[in-house]
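For reference, the structure is listed below as C-alpha cells.
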4 protein chains.
Amino acid sequence: MKTASVYSNAPELQVMQWFNTPEPITLSDLRGKVVVIEAFQMLCPGCVSHGLPQAMRISETFSQDDVVVIGLHTVFEHHSAMQPHALEAFLHEYRIKFPVGVDQPSEMDGMALPNTMQTYQLRGTPSLLVIDRMGRQRLNLFGQENDMKLAASISKLIYEAPVAEETSNVRSIAGQVCTPIGCTN
Amino acid sequence: MKTASVYSNAPELQVMQWFNTPEPITLSDLRGKVVVIEAFQMLCPGCVSHGLPQAMRISETFSQDDVVVIGLHTVFEHHSAMQPHALEAFLHEYRIKFPVGVDQPSEMDGMALPNTMQTYQLRGTPSLLVIDRMGRQRLNLFGQENDMKLAASISKLIYEAPVAEETSNVRSIAGQVCTPIGCTN
Amino acid sequence: MKTASVYSNAPELQVMQWFNTPEPITLSDLRGKVVVIEAFQMLCPGCVSHGLPQAMRISETFSQDDVVVIGLHTVFEHHSAMQPHALEAFLHEYRIKFPVGVDQPSEMDGMALPNTMQTYQLRGTPSLLVIDRMGRQRLNLFGQENDMKLAASISKLIYEAPVAEETSNVRSIAGQVCTPIGCTN
Amino acid sequence: MKTASVYSNAPELQVMQWFNTPEPITLSDLRGKVVVIEAFQMLCPGCVSHGLPQAMRISETFSQDDVVVIGLHTVFEHHSAMQPHALEAFLHEYRIKFPVGVDQPSEMDGMALPNTMQTYQLRGTPSLLVIDRMGRQRLNLFGQENDMKLAASISKLIYEAPVAEETSNVRSIAGQVCTPIGCTN
C-alpha cells in the first residue's frame, strides 16, 4: 500500500514587499507548476555573477505553464544597504524581470535571519529552491550548480508522474557564497 | 484516428572506424534511449571551444540508461590533417571518453562531404543531432546552443510519452562554425 | 624650442568621503606616480563585472612606487540606493582594497552629475582615467578596454621620459556601460 | 665598474620549416626589438585555449617596431598527428597570422625533444619566451600568465635602458599544460 510522500510540503513564503508583479504571489496559487526560487542578496558577489543570471536563463528557457521563477531577497547582513528601495534600483539596472519578494525580517531582532530563510533553513546566498507541481520541496541548493545539471533536474520535475517519491535533495555546491558568518572569495 | 509520426526515422551512421568503444555502435542497438550525436572536426575552433565540452557535460549529466552521447568526426576539409591517427591523439589530449566514429568518406571523391554528413544534410560543424527513444531524428542544430536550453530539449525527449508528435526541429544558432565554404571567425 | 605640453593638468578630485585610506588623497600628493582612477557606480553592471576587477588586477600588477589605483564613486542615478554606507558594504563584499572616494554631489541639484564627473567630463561608468607622473591627464576611457592594451598604455607612462608630448586620448570602447540616460544591456 | 650582463644570450632558433613569413627568421635579425616566442603544440589544450589567443593579443597590442611575436611548434608527442601539413591547416583554421616555425626534430631519435626545446630547456607547452632588445633571454614562462602581468613585463623590456641587469626569470605558472610525461587536466 502506498504511504504518504517522503517530501515535506514547501512552506508559504513570508514576503514584506513584491517587485515585478501586480499581485502578491503565494505558493498555493502556483500549485500545478514547478517553482524555482532564487534566494539572493543584491550585494552578494556569487548571486550577481552566477545565481541571478542563471535564474534569468531558467526563466527564458522553460514555458511559464511549466516553470515559474521567483526571486527572494533574503537579507542577512548589511541591512541598511539593501533596503527595498535599493533593491528596486538593483533590479532595474540588472534587467531582472521575474517577480522578486523581500523576505520578511524577523520581528525578534532586526539582525536575525529573515523569516523565509529561517523556515527553509537556508545556509546563505545564493540558494536555489525547487518546488514540484504538488507543492513539495524537492531541491535546496547552496552555491553554484551548472546549467546542464540544473536544467535536467528541473525537467525531471516537469515531466514526472504526479505520485513520484524520492529522497530529499539538500546539497552544497562549490562556488562563491555568502553565509551569516561572511562571504567566501 | 492517429496517423503515422511526422518525424523521419534517423538513418544509420556510416562509420569507417570507432574509438572509445570495444564494438561498433548502431543506432538500432540504441533504440529505447535518447541519442545525442556531436558532429565535429578536430580542427574546427567552435567544436573545440564549445561543441565538444558541451557534449562532455551532456554525457556527465544524464544517466546512460536514458541518454547516449556519440561523437561523429565529419571531415570535410583539411583531410590529410585529420586522419584517424590524428583524431586518436586529439581524443587523448582533450580527454574525450565517449565513443567517436569516423564518418565514412565518400567513395565518389575524397574531397566530397562524408556519407553520414550527406545523409543527415549537416550544414557544417559543430552540429548536434538528437534522436528519440523510437529512433526518430528530433533535433538538428548547427552552431551553438546554450546548456540550459539544450538540457531542457533533451529532457523533454527522455520523459515524453512514446507516441509524441511534433514538427521537425532543424535550426541554425549563432556562433563560431565551419561549413564546406570555410570557418567563421 | 620646446613649447608647453599639449596635455591639460588633471584637476583635483572633489571627494566628500574616503574609504580604504587613513587620510584623504590628493592628486598633488601623488605627483611623480602614474595614477589610475576607476570611476564607477556600485549598481552599474559593467563596473561590477569588468571595471572594478580590472582595477584590482592593475593594483596587483604594478608596483605602488609606479602606479596608484583609486576608485571614484560617481553616482549619477539611484542616489538613495548608493549612499556612502551602502558603498562601504559593497567594498567589503567585493574585497576592494584600494582607496575609494565618493564624488562630491553637485550643490545645485542633488540629481545633477557629481562634481568630479563634471570636471573631467566623464560620459558615464565605468570610466578609467590615467594621469601621468607630471599630473597631466593622459587617458579617459569610457567602457571596456582589454587588459593587454591597458597594461601597455599604463606601462608607457611609467617608463616615458618626463617631457613626452602627445595628443590627448579620450576614447569610448564597446561594452556594458551606464550613462546619465541609462545603462546598456 | 660595470661588468658583463648576468643574462645569457638567447640561442638561435633551430627551425625546419616556416609558415606565415616569406623568409626564414633569425633572432639576430630581430636584434633591437623585444621578441616574444610562443612555444606550443597544435594538440595541446592549454595552448589552444590560452597560449595562442594571448600571443595573438600581444601581436595586436604592441607596435611591430617594438615587439615581434613568433610561434614555435615544439612537438614532443603524437608526432605523426602534428606534422607540418597538419600545422598549416591548424594555423589557417585558428587565424594565426604571426610567423610560426617548426622546431627541428632531434637527429638522434624521432621521439626525443626537438632541438630548440632542448636548447632552451623548455619544460612543456605552452611556454613563453621573451628576449630583450639586446638578444638576451629574459622570461621563460611555463603555463598561464594573465594578460595584465604579461603586458607589464613585456613593456618593461620595451622601455628599459639598454644596459639593465637583473636576475633571470624562469617560472612555472598554474594552468593546463603538456609536458613530456603528459598533459594536465
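Going through the C-alpha cells in order, the chains are called A, B, and so on, while each chain numbers its residues from 1 and the ligands are numbered from 1 in the order shown.
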(request) Pick out the chain A residues within 9 Å of chain B. Count only C-alpha atoms. Give them as a list in words. (result) Gln54, Arg57, Ile58, Glu60, Thr61, Phe62, Asn146, Asp147, Met148, Lys149, Leu150, Ala151, Ala152, Ile154, Ser155, Lys156, Ile158, Tyr159 and Glu160 of chain A
Hey, can you spit out that residue selection with all heavy atoms as a compact mmCIF listing (two decimals), in the first residue's frame?
```txt
# COMPACT_ATOMS: atom_id res chain seq x y z
N GLN A 54 21.70 32.89 -13.94
CA GLN A 54 21.19 31.54 -14.17
C GLN A 54 19.67 31.50 -14.01
O GLN A 54 18.97 30.87 -14.82
CB GLN A 54 21.85 30.57 -13.18
CG GLN A 54 21.50 29.12 -13.43
CD GLN A 54 22.26 28.20 -12.50
OE1 GLN A 54 22.15 28.30 -11.29
NE2 GLN A 54 23.03 27.30 -13.07
N ARG A 57 18.18 32.72 -17.08
CA ARG A 57 18.19 31.71 -18.15
C ARG A 57 17.10 30.65 -17.94
O ARG A 57 16.48 30.19 -18.90
CB ARG A 57 19.56 31.05 -18.26
CG ARG A 57 20.64 31.97 -18.84
CD ARG A 57 21.92 31.22 -19.21
NE ARG A 57 22.58 30.62 -18.07
CZ ARG A 57 23.44 31.23 -17.26
NH1 ARG A 57 23.75 32.51 -17.46
NH2 ARG A 57 24.01 30.59 -16.27
N ILE A 58 16.86 30.27 -16.69
CA ILE A 58 15.77 29.33 -16.41
C ILE A 58 14.45 29.94 -16.87
O ILE A 58 13.65 29.30 -17.56
CB ILE A 58 15.70 29.00 -14.90
CG1 ILE A 58 16.98 28.28 -14.46
CG2 ILE A 58 14.47 28.14 -14.59
CD1 ILE A 58 17.09 28.10 -12.94
N GLU A 60 13.91 32.16 -19.10
CA GLU A 60 13.81 32.30 -20.56
C GLU A 60 13.68 30.95 -21.26
O GLU A 60 13.28 30.88 -22.42
CB GLU A 60 15.08 33.01 -21.09
CG GLU A 60 15.16 34.47 -20.69
CD GLU A 60 16.59 35.00 -20.75
OE1 GLU A 60 17.49 34.26 -21.21
OE2 GLU A 60 16.81 36.15 -20.31
N THR A 61 14.06 29.88 -20.58
CA THR A 61 14.12 28.57 -21.23
C THR A 61 12.81 27.80 -21.13
O THR A 61 12.33 27.23 -22.11
CB THR A 61 15.26 27.73 -20.61
OG1 THR A 61 16.49 28.39 -20.87
CG2 THR A 61 15.29 26.32 -21.18
N PHE A 62 12.22 27.79 -19.94
CA PHE A 62 11.04 26.94 -19.74
C PHE A 62 9.77 27.75 -19.93
O PHE A 62 9.73 28.95 -19.71
CB PHE A 62 11.08 26.32 -18.33
CG PHE A 62 12.22 25.38 -18.15
CD1 PHE A 62 13.39 25.79 -17.53
CD2 PHE A 62 12.15 24.07 -18.63
CE1 PHE A 62 14.47 24.92 -17.37
CE2 PHE A 62 13.22 23.20 -18.48
CZ PHE A 62 14.38 23.63 -17.85
N ASN A 146 25.89 23.76 -12.28
CA ASN A 146 25.98 24.15 -13.68
C ASN A 146 24.62 24.04 -14.38
O ASN A 146 23.70 23.37 -13.92
CB ASN A 146 27.10 23.39 -14.41
CG ASN A 146 26.76 21.96 -14.77
OD1 ASN A 146 25.64 21.63 -15.16
ND2 ASN A 146 27.75 21.09 -14.64
N ASP A 147 24.48 24.75 -15.48
CA ASP A 147 23.20 24.86 -16.18
C ASP A 147 22.69 23.51 -16.66
O ASP A 147 21.49 23.24 -16.62
CB ASP A 147 23.34 25.78 -17.40
CG ASP A 147 23.26 27.25 -17.03
OD1 ASP A 147 23.51 27.59 -15.85
OD2 ASP A 147 22.94 28.06 -17.92
N MET A 148 23.59 22.68 -17.17
CA MET A 148 23.17 21.39 -17.73
C MET A 148 22.48 20.55 -16.66
O MET A 148 21.38 20.02 -16.88
CB MET A 148 24.41 20.68 -18.27
CG MET A 148 24.16 19.45 -19.09
SD MET A 148 23.47 19.79 -20.74
CE MET A 148 24.94 20.33 -21.64
N LYS A 149 23.13 20.44 -15.50
CA LYS A 149 22.57 19.61 -14.44
C LYS A 149 21.29 20.21 -13.87
O LYS A 149 20.34 19.50 -13.54
CB LYS A 149 23.61 19.41 -13.32
CG LYS A 149 24.74 18.50 -13.76
CD LYS A 149 25.68 18.15 -12.61
CE LYS A 149 26.78 17.23 -13.14
NZ LYS A 149 27.90 17.09 -12.21
N LEU A 150 21.27 21.53 -13.74
CA LEU A 150 20.10 22.17 -13.15
C LEU A 150 18.90 22.03 -14.09
O LEU A 150 17.78 21.71 -13.65
CB LEU A 150 20.41 23.64 -12.87
CG LEU A 150 19.37 24.39 -12.06
CD1 LEU A 150 19.03 23.66 -10.77
CD2 LEU A 150 19.87 25.80 -11.75
N ALA A 151 19.11 22.24 -15.38
CA ALA A 151 18.00 22.09 -16.33
C ALA A 151 17.50 20.66 -16.36
O ALA A 151 16.29 20.42 -16.50
CB ALA A 151 18.46 22.52 -17.73
N ALA A 152 18.41 19.70 -16.21
CA ALA A 152 17.98 18.30 -16.17
C ALA A 152 17.14 18.03 -14.93
O ALA A 152 16.11 17.33 -15.00
CB ALA A 152 19.20 17.38 -16.21
N ILE A 154 15.34 20.23 -13.14
CA ILE A 154 14.04 20.92 -13.25
C ILE A 154 13.14 20.16 -14.23
O ILE A 154 11.95 19.96 -13.98
CB ILE A 154 14.26 22.38 -13.71
CG1 ILE A 154 14.96 23.18 -12.61
CG2 ILE A 154 12.93 23.03 -14.10
CD1 ILE A 154 15.43 24.56 -13.05
N SER A 155 13.72 19.72 -15.33
CA SER A 155 12.93 19.00 -16.34
C SER A 155 12.32 17.73 -15.76
O SER A 155 11.19 17.36 -16.08
CB SER A 155 13.82 18.63 -17.53
OG SER A 155 14.27 19.79 -18.18
N LYS A 156 13.10 17.07 -14.93
CA LYS A 156 12.60 15.83 -14.33
C LYS A 156 11.30 16.09 -13.57
O LYS A 156 10.36 15.29 -13.60
CB LYS A 156 13.68 15.29 -13.37
CG LYS A 156 13.50 13.85 -12.98
CD LYS A 156 14.67 13.39 -12.12
CE LYS A 156 14.41 12.00 -11.60
NZ LYS A 156 15.43 11.60 -10.61
N ILE A 158 9.23 18.58 -14.18
CA ILE A 158 8.18 18.95 -15.13
C ILE A 158 7.45 17.71 -15.64
O ILE A 158 6.23 17.69 -15.75
CB ILE A 158 8.79 19.70 -16.34
CG1 ILE A 158 9.37 21.05 -15.90
CG2 ILE A 158 7.75 19.91 -17.44
CD1 ILE A 158 10.10 21.80 -17.01
N TYR A 159 8.25 16.67 -15.93
CA TYR A 159 7.68 15.53 -16.65
C TYR A 159 7.31 14.36 -15.76
O TYR A 159 6.73 13.40 -16.23
CB TYR A 159 8.67 15.07 -17.73
CG TYR A 159 8.89 16.14 -18.77
CD1 TYR A 159 10.10 16.83 -18.84
CD2 TYR A 159 7.88 16.46 -19.68
CE1 TYR A 159 10.30 17.82 -19.78
CE2 TYR A 159 8.07 17.46 -20.62
CZ TYR A 159 9.29 18.14 -20.66
OH TYR A 159 9.48 19.11 -21.60
N GLU A 160 7.66 14.42 -14.49
CA GLU A 160 7.45 13.24 -13.66
C GLU A 160 5.95 12.96 -13.47
O GLU A 160 5.11 13.85 -13.52
CB GLU A 160 8.11 13.41 -12.29
CG GLU A 160 7.41 14.42 -11.42
CD GLU A 160 8.10 14.60 -10.08
OE1 GLU A 160 9.05 13.87 -9.78
OE2 GLU A 160 7.69 15.52 -9.35
```
Residue contacts of Gln17 (chain A) (10 Å, only C-alpha atoms) excluding same-chain residues fewer than 4 positions away, as a PDB file with N, CA, C and O atoms, in the first residue's frame:
```pdb
ATOM      1  N   PRO A  24       0.633  40.123  -5.001  1.00  0.00           N
ATOM      2  CA  PRO A  24       1.468  39.215  -4.211  1.00  0.00           C
ATOM      3  C   PRO A  24       1.331  37.789  -4.735  1.00  0.00           C
ATOM      4  O   PRO A  24       0.288  37.417  -5.271  1.00  0.00           O
ATOM      5  N   HIS A  73      14.632  38.041  -1.849  1.00  0.00           N
ATOM      6  CA  HIS A  73      15.741  38.849  -1.328  1.00  0.00           C
ATOM      7  C   HIS A  73      15.874  38.585   0.169  1.00  0.00           C
ATOM      8  O   HIS A  73      15.183  39.186   0.988  1.00  0.00           O
ATOM      9  N   PRO A  84      14.501  47.845   0.524  1.00  0.00           N
ATOM     10  CA  PRO A  84      13.710  47.650  -0.701  1.00  0.00           C
ATOM     11  C   PRO A  84      13.931  48.712  -1.789  1.00  0.00           C
ATOM     12  O   PRO A  84      13.945  48.373  -2.974  1.00  0.00           O
ATOM     13  N   VAL A 100      10.110  39.386  -7.677  1.00  0.00           N
ATOM     14  CA  VAL A 100      11.060  39.295  -6.572  1.00  0.00           C
ATOM     15  C   VAL A 100      10.367  39.745  -5.294  1.00  0.00           C
ATOM     16  O   VAL A 100       9.793  40.840  -5.241  1.00  0.00           O
ATOM     17  N   GLY A 101      10.422  38.890  -4.286  1.00  0.00           N
ATOM     18  CA  GLY A 101       9.857  39.235  -2.986  1.00  0.00           C
ATOM     19  C   GLY A 101      10.947  39.534  -1.976  1.00  0.00           C
ATOM     20  O   GLY A 101      12.028  38.950  -2.045  1.00  0.00           O
ATOM     21  N   VAL A 102      10.652  40.455  -1.053  1.00  0.00           N
ATOM     22  CA  VAL A 102      11.598  40.766   0.020  1.00  0.00           C
ATOM     23  C   VAL A 102      11.244  39.901   1.223  1.00  0.00           C
ATOM     24  O   VAL A 102      10.134  40.008   1.770  1.00  0.00           O
ATOM     25  N   ASP A 103      12.164  39.052   1.614  1.00  0.00           N
ATOM     26  CA  ASP A 103      11.929  38.152   2.740  1.00  0.00           C
ATOM     27  C   ASP A 103      11.656  38.988   3.997  1.00  0.00           C
ATOM     28  O   ASP A 103      12.380  39.932   4.305  1.00  0.00           O
ATOM     29  N   GLN A 104      10.594  38.618   4.717  1.00  0.00           N
ATOM     30  CA  GLN A 104      10.147  39.340   5.919  1.00  0.00           C
ATOM     31  C   GLN A 104      11.215  39.306   7.005  1.00  0.00           C
ATOM     32  O   GLN A 104      11.612  38.231   7.455  1.00  0.00           O
TER      33      GLN A 104
END
```
(request) For Gly46 (chain A), work out the shell of residues within 12 Å, counting only C-alpha atoms and skipping chain neighbours fewer than 4 positions away, then give it as a VMD selection string. (result) (chain A and resid 39 to 42 50 to 54 124 to 127 142 to 145 174 to 179 183 to 185) or (chain C and resid 48 to 49 93 to 94)
Pick out the residues sitting within 7 Å of Arg31 (chain D), and hand them over as a PDB file with C-alpha atoms, in the first residue's frame; count only C-alpha atoms, and ignore anything fewer than 3 positions along from it in its own chain.
```pdb
ATOM      1  CA  LEU D  27      66.906  36.134 -33.723  1.00  0.00           C
ATOM      2  CA  SER D  28      69.983  38.031 -34.804  1.00  0.00           C
ATOM      3  CA  ARG D 133      66.378  44.180 -27.491  1.00  0.00           C
ATOM      4  CA  MET D 134      69.961  43.048 -26.900  1.00  0.00           C
ATOM      5  CA  GLY D 135      69.140  39.446 -27.706  1.00  0.00           C
TER       6      GLY D 135
END
```
(request) Measure the distance from CA of Glu107 (chain B) to CA of Ile131 (chain B) in Å and round it to one decimal. (result)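 Here the two named atoms are 26.6 Å from each other.
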(request) Could you tell me how far CA of Gln121 (chain B) lies from CA of Tyr7 (chain B), in Å and to one decimal? (result)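 So the two atoms, CA of Gln121 (chain B) and CA of Tyr7 (chain B), lie 15.3 Å apart.
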(message) Using Å and a single decimal, report how far CA of Met16 (chain D) sits from CA of Pro99 (chain D).
(response)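 It comes out at 13.3 Å.
The residues of region 26-81 of chain C that DSSP classifies as strand (DSSP E), using the backbone of this structure, are Val34, Val35, Val36, Ile37, Glu38, Ala39, Phe40, Val67, Val68, Val69, Ile70, Gly71, Leu72 and His73 of chain C.
Excluding Leu113 (chain B) itself and same-chain residues fewer than 5 positions from it, the residues having an atom within 7 Å of it are Phe76, Ser106 and Gln118 of chain B, counting only C-alpha atoms.
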